[in-house]
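K.L.:
Structure in structure tokens, see below.
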Amino acid sequence: MSTFLKNARMHRSLMIGGVLTLLLLSVAVLSLFWTPWSPTAIDIANKLKGPSAKHWLGTDHLGRDVLSMLMSGSQISIIVGFLAVSVGLLVGVALGALASTYRGWVEELIMRMSDFSIAFPIIITAVLLTAILGPGTVNSILAIGIFNIPIFARITRGAANAAWAREYVMAAQTCGKGRLRITIEHVLPNISGALIVQATILFAVAILAEAALSFLGLGTQPPEPSWGKMLNNAQTFVGLAPHLAIFPGLAIALSVLGLNLIGDGLRDVLDPKLARAR
Amino acid sequence: MIAFLLRRIATFVATLAIASVVIFAALELLPGDPAQIMLGIDAPPDALEALQKKLGVDRPMVERYFTWIGGLVVGDMGESFTYVMPVSELIMTRLGVTLPLALLAALISVAIGVPVGLYAAANHKTPRDYGVMIFGQLGIAIPNFWFAILLVLVFSIYLGWFPAGGFPGWSAGFWPAIKALILPAFSLAIVEAAIFARISRSAVLDVLREDFVRTARAKGLSRKSTLVKHVLRNAMIPIITICGLELSSLLVGTIVIEQVFNIPGLGRLVFQSLTQLDLMVVKNLIMLLVALVVFINLVVDLLYAVIDPRLKHQGH
Amino acid sequence: MLQVKNLNITLAGATRDISIVKDVSFELDAGRSLGVVGESGSGKSMTALAVMGLLPGAIRASGSINLAGQELLSLSEQEMCSVRGNKVAMIFQEPMTSLNPVQTIGRQVAEPLTLHKGMTRAAARQEAIRLLDRVGIPDAARRLDVYPHQLSGGQRQRVMIAIALSCSPKVLVADEPTTALDVTVQRQILDLLRELVSETRMALIIISHDLGVIGEMVDEMLVMYGGNVVERGQADKIFSQPAHPYTSRLLEAIPRFGMSRSERLKTIPGTMPEIGSEMKSCIFAGRCDLVCAECLQAPPPFVSVDDAHVAACIKAGRVMETAQ
């Protein structure tokens with residue numbers, strides 16, 4: 001009975017998350033070919049208009065169509081999220097796998113490095129990068145990517161160390177395979193579940209962080225539409241045109257919610273032991 | 001215990017040392033002459049030369065690094081060229097706004113998040129529990145700066161209860177100052193509260209599965225007393241860890257929220273100095289923020305040892 | 001003093017109730033001890049938890065558990081709290097995890113005293129020293145302020161016994177108290193329990209999967225199989241002359257001194273029927289070598305083979321003969 005309830009709940013969160021994420025992806029793909037208006041077309045005569053038949057979600061302070069900007073803005077969120085997670089995944093998993101493969105001082109060094117990284121939260125890294133490179137989308141990708149590295153490294157090492165203690169890995173060792181080869185052939189495939197879950201959740205974190213950095217003016221620069229930037233502009237006119245503030249925020253929240261729900265659902269499916277606590 | 005303490009403090013110092021090298025090196029990477037960058041291309045030559053001298057551009061890098069660190073140790077952070085005052089003084093003034101804001105937010109988020117999480121755990125698998133979990137999911141999905149704008153929309157623009165932004169300064173009196181910090185603090189706190197609620201809930205559920213909870217019940221303690229006397233302190237161990245992480249993320253969150261509410265704290269100073277390329281301020285400010293984050297983590301580790309006696313006796 | 005009558009334990013399921021323990025009855029007088037023996041899943045631990053009123057989740061008990069005139073099953077949760085740890089106490093299988101890791105053992109031993117006896121902290125502390133000393137913790141006064149992780153498994157189990165003993169309970173329930181301990185420590189803990197029973201005149205229910213461990217230290221015995229009592233009687237009688245084929249096979253599975261090396265320990269082939277399976281035949285029929293057509297038609301009644309010695313087997317008499 002209780003397992004049934006749990007399964008229903010789990011599938012529900014996977015389903016809702018899946019629908020939201022699919023929606024996000026299809027909007028981004030659609031916006032590559034079509035948006036109701038050009039997201040950069042300025043029309044001062046029609047500025048700060050509320051939702052109408054012509055502009056479904058209204059217009060901003062320059063008369064640009066909010067829906068079109070939201071649709072195009074999804075591209076940046078997805079690109080930054082994807083690249084930032086990829087950076088973290090590639091470097092982090094490599095480091096974590098090295099640590100677990102060779103143990104000893106290699107592991108010690110990599111883990112101390114990842115402890116150290118706690119000192120540099122995303123925004124602080126982004127500020128530092130902005131001071132060096134000037135603001136831009138690359139900053140967001142780097143800052144979030146760097147932040148992701150130690151997280152992936154830690155997860156990979158933990159899961160890989162557990163895998164190394166398993167019989168099938170010992171069996172591979174008795175066959176005389178090298179440690180690195182065992183890691184690649186046996187350990188990594190077996191911890192991919194945990195990594196997929198983490199990647200999904202960090203994708204959500206990346207979308208949130210990208211929005212924050214663009215909001216602060218450290219990330220994506222105009223005229224490229226981004227959700228964070230839209231909220232920044234909306235802030236000035238929030239009394240006059242509240243719709244400007246509401247829709248981009250909803251877009252961020254729903255995208256993040258969708259990915260988080262998928263992550264939680266996948267964790268239930270792929271790693272029942274971890275899900276037990278929830 | 002002493003060995004543990006010493007080890008943690010040594011790690012703390014080492015982390016700070018490495019962080020300072022990273023920050024220093026990163027800003028050294030800036031192409032061109034820092035004095036030129038700070039003053040702009042059409043700066044008068046004598047001003048340029050004066051700043052170059054002050055920055056010590058002509059001296060070797062290692063020497064400049066140690067001059068900086070030596071200054072930091074005695075509280076001398078150099079001088080801001082845009083504000084024409086010592087950076088340390090500037091930072092202290094701004095800290096007087098940011099620290100109360102972060103602490104207020106921390107207080108609110110713990111006061112809401114932890115009880116809500118406990119409530120959910122005590123009502124595990126009931127509609128109340130699911131309600132809390134939905135709140136938790138929404139809380140971590142909503143960007144705090146968006147939530148801040150929504151709060152302004154409702155409580156400043158529609159209801160007019162709180163100012164939409166700005167900070168009158170502590171000299172304006174305690175209440176007007178606090179009033180200006182309430183919306184910013186809530187915008188920061190609600191999101192963190194959602195995280196606290198999730199963590200506290202799962203921490204309590206984990207402890208409730210432990211054998212000693214059954215022992216407590218077998219002694220004749222009611223469910224409620226068991227929760228209060230035996231479960232909570234054990235559940236505190238994971239909760240405190242997250243507290244530390246969240247406190248540092250609150251501190252960093254003030255950078256964003258101060259932008260939204262136009263509050264003259266450290267966060268705004270970061271951006272003002274960044275746009276004006278006041279590198280002296282940027283460098284020291286980042287160092288300070290990093291130091292605070294690392295310090296919070298040190299405190300968390302020490303608290304850990306107080307709560308969990310097993311850590312204290314690790315050396316035995 | 002403790003009378004359990006027709007105790008049924010069921011798990012409320014979505015479609016039907018699943019029966020975990022069926023019709024368990026026994027009586028236990030002050031100063032006497034009862035061993036409950038069975039494989040894991042036989043329902044022995046559930047029976048113990050039912051006496052404590054600590055059945056987990058959606059599991060419910062019906063029937064009667066009467067402690068010195070007080071019907072425990074009809075008590076409210078609040079009333080039951082004043083019985084638990086006070087009139088009935090329990091110790092558990094895992095001494096390593098059964099103590100709160102962040103409280104000193106002194107506090108944990110004193111807790112029931114302040115709770116049930118209204119003692120002040122200082123008085124409870126004094127009493128805790130006496131209790132720890134009684135259960136054989138050396139230098140008890142100084143050990144009061146140590147944490148569980150600083151003690152060995154055997155010492156932790158002694159602390160658990162001190163906690164259980166603190167309010168001089170009428171009944172002590174010990175669920176596999178020695179399973180997690182070294183063999184030498186097992187003996188000491190069992191000896192301590194036996195001493196305490198004769199000293200305090202409390203009744204002891206000791207639960208084990210290991211007939212050998214408890215067989216010789218209890219007065220009476222209850223053999224459980226698949227949620228049912230299959231044999232009940234005086235321990236020495238059951239030991240020397242089991243009347244149920246299951247008990248008899250269990251006894252054969254105990255290693256003995258003087259066994260020749262070539263002699264293999266006997267095992268019982270097959271597995272216990274799953275919990276909740278409705279049995280229209282003898283529950284042991286599937287693993288019994290005495291099985292006949294009659295065994296498959298209906299669950300057997302209790303057959304009285306001796307004074308207060310019963311077995312749920314229609315061939316009880318034959319089993320006893322072969323055992324001799």
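Ordering of the structure tokens sets the chain letters (A, B, ...); residue numbers start at 1 within each chain; ligands are numbered from 1 in the order shown.
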Considering only C-alpha atoms, return as a count of residues only whatever protein or nucleic-acid residues lie within 7 Å of range 119-134 of chain C, sequence-local ones (same chain, fewer than 2 positions apart) excluded.
P.N.:
14
K.L.:
Give me the residues near range 230-243 of chain C as a ChimeraX atom specification, where near means some atom within 7 Å (using only C-alpha atoms) and where sequence neighbours in that chain fewer than 5 positions away do not count.
P.N.:
/C:215,218-225,248,308-312,316-317,319-320,323-324
K.L.:
Give me, as a PyMOL selection string, all polymer residues having an atom no more than 9 Å from Ala30 in chain C, counting only C-alpha atoms and skipping those fewer than 5 positions away in the same chain.
P.N.:
chain C and resi 1-2+170-171+197+201-204
K.L.:
I need the residues from that last selection saved to file as a JSON list (two decimals), in the first residue's frame (with N, CA and C atoms), if you can.
P.N.:
[["chain", "number", "residue", "atom", "x", "y", "z"],
["C", 1, "MET", "N", 0.36, -13.35, 36.40],
["C", 1, "MET", "CA", 0.45, -11.88, 36.46],
["C", 1, "MET", "C", 0.29, -11.28, 35.07],
["C", 2, "LEU", "N", 1.00, -11.84, 34.09],
["C", 2, "LEU", "CA", 0.76, -11.41, 32.71],
["C", 2, "LEU", "C", -0.02, -12.51, 32.00],
["C", 170, "LYS", "N", 7.24, -4.99, 36.21],
["C", 170, "LYS", "CA", 6.70, -6.32, 36.52],
["C", 170, "LYS", "C", 7.12, -7.31, 35.46],
["C", 171, "VAL", "N", 7.22, -6.80, 34.22],
["C", 171, "VAL", "CA", 7.60, -7.68, 33.11],
["C", 171, "VAL", "C", 8.74, -7.05, 32.33],
["C", 197, "VAL", "N", 16.06, -11.75, 37.47],
["C", 197, "VAL", "CA", 14.71, -12.30, 37.59],
["C", 197, "VAL", "C", 14.49, -12.85, 38.98],
["C", 201, "ARG", "N", 12.01, -10.61, 41.22],
["C", 201, "ARG", "CA", 10.73, -11.26, 41.04],
["C", 201, "ARG", "C", 9.96, -10.69, 39.85],
["C", 202, "MET", "N", 10.67, -10.10, 38.91],
["C", 202, "MET", "CA", 9.94, -9.69, 37.71],
["C", 202, "MET", "C", 9.78, -10.90, 36.80],
["C", 203, "ALA", "N", 8.84, -10.77, 35.86],
["C", 203, "ALA", "CA", 8.66, -11.84, 34.88],
["C", 203, "ALA", "C", 9.48, -11.47, 33.64],
["C", 204, "LEU", "N", 10.08, -12.50, 33.02],
["C", 204, "LEU", "CA", 10.94, -12.21, 31.86],
["C", 204, "LEU", "C", 10.41, -12.93, 30.62]]
K.L.:
Provide as a compact mmCIF listing (two decimals) with N, CA and C atoms, in the first residue's frame the residues of chain B at most 6 Å from chain C, counting only C-alpha atoms.
P.N.:
# COMPACT_ATOMS: atom_id res chain seq x y z
N ASP B 211 17.11 3.07 15.97
CA ASP B 211 16.70 2.17 17.04
C ASP B 211 16.48 2.89 18.36
N PHE B 212 17.28 3.93 18.63
CA PHE B 212 17.17 4.54 19.95
C PHE B 212 15.85 5.28 20.14
N ALA B 218 10.00 2.90 24.38
CA ALA B 218 9.86 1.79 25.32
C ALA B 218 10.03 2.25 26.76
N LYS B 219 10.70 3.42 26.94
CA LYS B 219 10.84 3.97 28.28
C LYS B 219 9.53 4.59 28.75
N GLY B 220 8.61 4.81 27.83
CA GLY B 220 7.34 5.41 28.20
C GLY B 220 7.21 6.86 27.77
N ASP B 308 27.70 16.75 18.40
CA ASP B 308 27.91 15.32 18.24
C ASP B 308 29.13 14.88 19.03
K.L.:
Considering only C-alpha atoms, extract the chain A residues located within 7 Å of chain B and return them as a PyMOL selection string.
P.N.:
chain A and resi 116+119-120+124+131-132+208+216+235+238-239+249+253+256-257+277-278
K.L.:
Export, as an mmCIF file, in the first residue's frame, the selected residues with N, CA and C atoms.
P.N.:
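Resulting contents of result_19.cif:
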data_model
loop_
_atom_site.group_PDB
_atom_site.id
_atom_site.type_symbol
_atom_site.label_atom_id
_atom_site.label_comp_id
_atom_site.auth_asym_id
_atom_site.auth_seq_id
_atom_site.Cartn_x
_atom_site.Cartn_y
_atom_site.Cartn_z
ATOM 1 N N PHE A 116 38.141 23.543 -0.873
ATOM 2 C CA PHE A 116 38.531 24.944 -1.007
ATOM 3 C C PHE A 116 37.498 25.725 -1.809
ATOM 4 N N ALA A 119 34.746 28.299 -0.866
ATOM 5 C CA ALA A 119 35.011 29.715 -0.613
ATOM 6 C C ALA A 119 34.549 30.608 -1.764
ATOM 7 N N PHE A 120 34.281 29.997 -2.933
ATOM 8 C CA PHE A 120 33.915 30.817 -4.075
ATOM 9 C C PHE A 120 32.517 30.505 -4.613
ATOM 10 N N ILE A 124 30.285 35.396 -6.533
ATOM 11 C CA ILE A 124 31.612 35.971 -6.275
ATOM 12 C C ILE A 124 32.565 35.643 -7.428
ATOM 13 N N ALA A 131 35.323 41.431 -13.500
ATOM 14 C CA ALA A 131 36.405 42.392 -13.339
ATOM 15 C C ALA A 131 37.502 42.124 -14.363
ATOM 16 N N ILE A 132 37.700 40.854 -14.702
ATOM 17 C CA ILE A 132 38.774 40.515 -15.635
ATOM 18 C C ILE A 132 38.309 40.591 -17.087
ATOM 19 N N LEU A 208 18.675 29.090 -12.662
ATOM 20 C CA LEU A 208 18.467 30.108 -11.622
ATOM 21 C C LEU A 208 19.648 31.075 -11.567
ATOM 22 N N LEU A 216 21.714 40.923 -12.598
ATOM 23 C CA LEU A 216 22.704 41.835 -12.023
ATOM 24 C C LEU A 216 23.502 42.547 -13.099
ATOM 25 N N GLN A 235 11.691 45.750 -13.122
ATOM 26 C CA GLN A 235 11.714 46.295 -11.780
ATOM 27 C C GLN A 235 11.378 47.780 -11.757
ATOM 28 N N VAL A 238 7.544 48.292 -12.271
ATOM 29 C CA VAL A 238 6.687 47.284 -11.660
ATOM 30 C C VAL A 238 5.329 47.856 -11.247
ATOM 31 N N GLY A 239 5.296 49.134 -10.871
ATOM 32 C CA GLY A 239 4.022 49.747 -10.496
ATOM 33 C C GLY A 239 3.115 49.940 -11.701
ATOM 34 N N GLY A 249 9.465 35.833 -14.388
ATOM 35 C CA GLY A 249 9.681 35.103 -13.138
ATOM 36 C C GLY A 249 9.021 33.740 -13.180
ATOM 37 N N ALA A 253 10.746 30.121 -12.759
ATOM 38 C CA ALA A 253 10.301 29.225 -11.693
ATOM 39 C C ALA A 253 9.806 27.893 -12.262
ATOM 40 N N VAL A 256 12.754 25.755 -13.589
ATOM 41 C CA VAL A 256 13.535 25.188 -12.493
ATOM 42 C C VAL A 256 12.743 24.092 -11.796
ATOM 43 N N LEU A 257 11.458 24.359 -11.570
ATOM 44 C CA LEU A 257 10.591 23.374 -10.927
ATOM 45 C C LEU A 257 10.571 22.080 -11.731
ATOM 46 N N ALA A 277 14.777 8.293 2.232
ATOM 47 C CA ALA A 277 14.621 9.305 3.261
ATOM 48 C C ALA A 277 13.510 10.305 2.949
ATOM 49 N N ARG A 278 13.021 10.277 1.732
ATOM 50 C CA ARG A 278 12.089 11.331 1.415
ATOM 51 C C ARG A 278 10.622 10.893 1.376
#
K.L.:
When you draw a straight line from CA of Gly50 in chain A to CA of Gln75 in chain A, how long is it in Å?
P.N.:
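CA of Gln75 in chain A lies 24.3 Å from CA of Gly50 in chain A.
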K.L.:
Return the neighbours of chain A among the residues of chain C, cut-off 10 Å, counting only C-alpha atoms, as a VMD selection string.
P.N.:
chain C and resid 12 to 15
K.L.:
To one decimal place, how far is CA of Asn190 in chain A from CA of Lys177 in chain A in Å?
P.N.:
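Going from CA of Asn190 in chain A over to CA of Lys177 in chain A covers 17.0 Å.
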K.L.:
Which residues are close to Asp210 in chain C, i.e. within 10 Å by only C-alpha atoms, leaving aside same-chain residues fewer than 5 positions away? Reply as a PyMOL selection string.
P.N.:
chain C and resi 36-39+176+179+215+250-251+253-254
K.L.:
Which neighbours of Ser214 in chain A fall inside 10 Å, counting only C-alpha atoms, when residues of the same chain fewer than 3 positions from it are skipped, and could you give them as an MDAnalysis selection string?
P.N.:
chainID A and resid 135:137 140 209:211 217:222 225:232
K.L.:
For a quick check of understanding, using only C-alpha atoms, which of A:Val66, A:Val169, A:Ile141, A:Ala251 has the smallest distance to Leu129 in chain A?
P.N.:
A:Ile141
K.L.:
Looking only at the backbone, which of the residues in range 146-276 of chain C does DSSP tag as helix (DSSP H, G or I), as JSON, numbers by chain?
P.N.:
{"C": [148, 149, 150, 153, 154, 155, 156, 157, 158, 159, 160, 161, 162, 163, 164, 165, 183, 184, 185, 186, 187, 188, 189, 190, 191, 192, 193, 194, 195, 196, 197, 198, 199, 200, 211, 212, 213, 214, 215, 235, 236, 237, 238, 239, 240, 245, 246, 247, 248, 249, 250, 251, 252]}
